[in-house]
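**Student:** The structure that follows is given in the form of structure tokens.
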Amino acid sequence: MTAELGKLEKPGAGQFQARRKIYLVPLLFSWEGAPAEYTEKLGVYWRQVGEHVANLETKIGKVAHIYHETVSQAGEEGLSALEKINPGASQMARERCQAGAELEAVEDADLVAESMDWERHLLMGFISEKATRVISDLFSQVSKKRCEYMAYRINETLKGSEAALLIIRQGHMVQFPPDIEVFSIAPPVLDEIYRWLRESPEKTE
């Protein structure tokens with residue numbers, strides 16, 4: 001079940017405190033040479049995400065675990081890896097780890113590498129429809145395995161009535177256990193960023 005952040009009021013928050021909880025954050029990246037306008041919006045995005053997560057923490061539960069798509073290492077090693085791939089998210093993750101949360105290894109490194117390889121091949125394109133279909137099927141298979149592994153890791157590490165932060169791309173196919181309450185976080189600037197990515201002539205792949 002997914003709860004709407006804007007409708008969560010403090011007096012009724014008690015119904016969620018006894019359940020396992022995930023604060024779900026859409027994954028956004030920057031890239032080398034990203035336009036200043038996008039970089040500025042991304043900075044606002046991570047700041048607003050931090051504010052929304054802090055609001056949830058005061059109402060229904062402090063973050064005890066942090067999961068980030070593609071991160072296959074835990075603790076300080078995972079934080080160091082995260083700083084390289086997503087500085088905005090890493091700052092928020094480190095602050096919460098300093099407050100007692102744990103960064104978990106939510107992915108299997110081999111599955112991530114295989115998935116990226118198949119995706120890279122698909123982006124290159126093929127003349128043969130058969131080759132495209134085969135590579136697409138292989139990519140779908142490994143993507144399913146990744147999602148199943150992430151669901152397994154979350155279920156294994158998130159205990160009792162704990163809350164966790166999950167940073168993952170929109171459109172993911174992870175199936176959460178039915179006893180986990182999911183709170184989707186969508187800061188005001190998110191729509192602006194998606195619109196910019198659709199319309200800006202400066203964007204790059």
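Identifiers in the structure tokens: chain A, B, ... in order shown; residue index from 1 per chain; ligand index from 1 in order shown.
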Residues at most 9 Å from A:Val189, counting only C-alpha atoms, excluding those fewer than 5 positions away in the same chain, as JSON, numbers by chain?
**Tutor:** {"A": [41, 42, 44, 45, 48, 194]}
**Student:** Could you save the residues just selected, with N, CA and C atoms, as a compact mmCIF listing (two decimals), in the first residue's frame?
**Tutor:**
# COMPACT_ATOMS: atom_id res chain seq x y z
N LYS A 41 18.43 22.87 -10.23
CA LYS A 41 17.16 22.21 -9.90
C LYS A 41 17.41 20.93 -9.10
N LEU A 42 18.48 20.22 -9.44
CA LEU A 42 18.78 18.98 -8.74
C LEU A 42 19.17 19.26 -7.29
N VAL A 44 18.05 21.72 -5.50
CA VAL A 44 16.77 22.01 -4.83
C VAL A 44 16.02 20.71 -4.54
N TYR A 45 16.06 19.81 -5.51
CA TYR A 45 15.36 18.53 -5.35
C TYR A 45 15.85 17.77 -4.12
N GLN A 48 14.76 19.44 -0.92
CA GLN A 48 13.34 19.21 -0.62
C GLN A 48 13.07 17.77 -0.19
N TYR A 194 11.35 16.98 -14.44
CA TYR A 194 10.90 16.10 -15.52
C TYR A 194 10.53 16.91 -16.77
**Student:** Report as a ChimeraX atom specification: the residues of stretch 30-191 of chain A with a DSSP assignment of alpha helix (DSSP H), based on the backbone of this structure.
**Tutor:** /A:36-60,75-85,87-98,109-124,129-157,189-191
**Student:** What is the atom CA of A:Glu162 to atom CA of A:Glu83 distance in Å?
**Tutor:** 25.1 Å
**Student:** Find the spatial neighbours of A:Ala113, counting only C-alpha atoms, within a cut-off of 12 Å - ignore same-chain residues fewer than 2 positions away - and output them as a list in words.
**Tutor:**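 Listed by chain and then number, they are Thr70, Val71, Ser72, Glu107, Asp108, Ala109, Asp110, Leu111, Ser115, Met116, Asp117, Trp118, Glu119, Arg120, Phe139, Val142, Ser143 and Arg146 of chain A.
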**Student:** Emit the selected residues as a short mmCIF file (atom, residue, chain, number, x, y, z; two decimals), in the first residue's frame, including C-alpha atoms.
**Tutor:**
data_model
loop_
_atom_site.label_atom_id
_atom_site.label_comp_id
_atom_site.auth_asym_id
_atom_site.auth_seq_id
_atom_site.Cartn_x
_atom_site.Cartn_y
_atom_site.Cartn_z
CA THR A 70 22.96 0.06 -7.85
CA VAL A 71 24.70 0.14 -4.43
CA SER A 72 26.03 -3.34 -3.62
CA GLU A 107 21.94 -4.96 -4.94
CA ASP A 108 24.04 -7.85 -6.21
CA ALA A 109 27.11 -6.44 -7.99
CA ASP A 110 27.13 -9.12 -10.71
CA LEU A 111 23.48 -8.56 -11.57
CA SER A 115 22.08 -5.37 -16.48
CA MET A 116 24.19 -2.37 -17.44
CA ASP A 117 25.93 -4.33 -20.16
CA TRP A 118 22.66 -5.45 -21.77
CA GLU A 119 21.23 -1.93 -21.46
CA ARG A 120 24.32 -0.47 -23.13
CA PHE A 139 17.89 -7.43 -20.21
CA VAL A 142 18.32 -9.80 -15.38
CA SER A 143 16.20 -6.76 -14.45
CA ARG A 146 17.65 -7.50 -9.69
#
**Student:** Looking only at the backbone, which of the residues in stretch 42-176 of chain A does DSSP tag as strand (DSSP E or B), as a list in words?
**Tutor:**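 Written out, the strand (DSSP E or B) residues of stretch 42-176 of chain A are Val63, Ala64, His65, Ile66, Tyr67, His68, Glu102, Leu103, Ala163, Ala164, Leu165, Leu166, Ile167 and Ile168 of chain A.
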**Student:** Out of A:His65, A:His52, A:His121, A:Arg198, which residue has the shortest atom-to-atom distance to A:Leu103 when counting only C-alpha atoms?
**Tutor:**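 Closest to A:Leu103 of all the choices is A:His65.
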**Student:** Just to confirm, what's the straight-line distance from atom CA of A:Ile22 to atom CA of A:Leu158 in Å (one decimal)?
**Tutor:**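 Between atom CA of A:Ile22 and atom CA of A:Leu158 the gap is 9.2 Å.
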**Student:** Under the rule that only C-alpha atoms are counted, which of A:Pro178, A:Pro26, A:Pro187, A:Gly125 is the nearest residue to A:Glu69?
**Tutor:**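 With only C-alpha atoms as the atom set, the closest residue is A:Pro26.
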**Student:** Hey, which of A:Gly78, A:Ile60, A:Ser128, A:Gly88 ends up closest to A:Trp31? Count only C-alpha atoms.
**Tutor:**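 Comparing A:Gly78, A:Ile60, A:Ser128, A:Gly88 against A:Trp31, the winner is A:Gly88.
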**Student:** I need the residue nearest A:Pro177 from this list: A:Ile85, A:Ala93, A:Met150, A:Leu122. Use only C-alpha atoms for the distance.
**Tutor:**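 With only C-alpha atoms as the atom set, the closest residue is A:Met150.
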**Student:** Do you have the atom CA of A:Val63-atom CA of A:Leu27 distance handy?
**Tutor:** 17.6 Å
**Student:** I need the residue nearest A:Gly171 from this list: A:Ile193, A:Val134, A:Cys147, A:Val106. Use only C-alpha atoms for the distance.
**Tutor:**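 Among A:Ile193, A:Val134, A:Cys147, A:Val106, it is A:Cys147 that comes nearest to A:Gly171.
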**Student:** So which residues touch A:Phe16 within 8 Å, counting only C-alpha atoms, skipping near sequence neighbours fewer than 4 positions away, as a PyMOL selection string?
**Tutor:** chain A and resi 20-21+60+181
**Student:** Nearest to A:Lys159: which of A:Glu76, A:Glu57, A:Asp191, A:Asp179 is it, counting only C-alpha atoms?
**Tutor:**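 Closest to A:Lys159, using only C-alpha atoms: A:Asp179.
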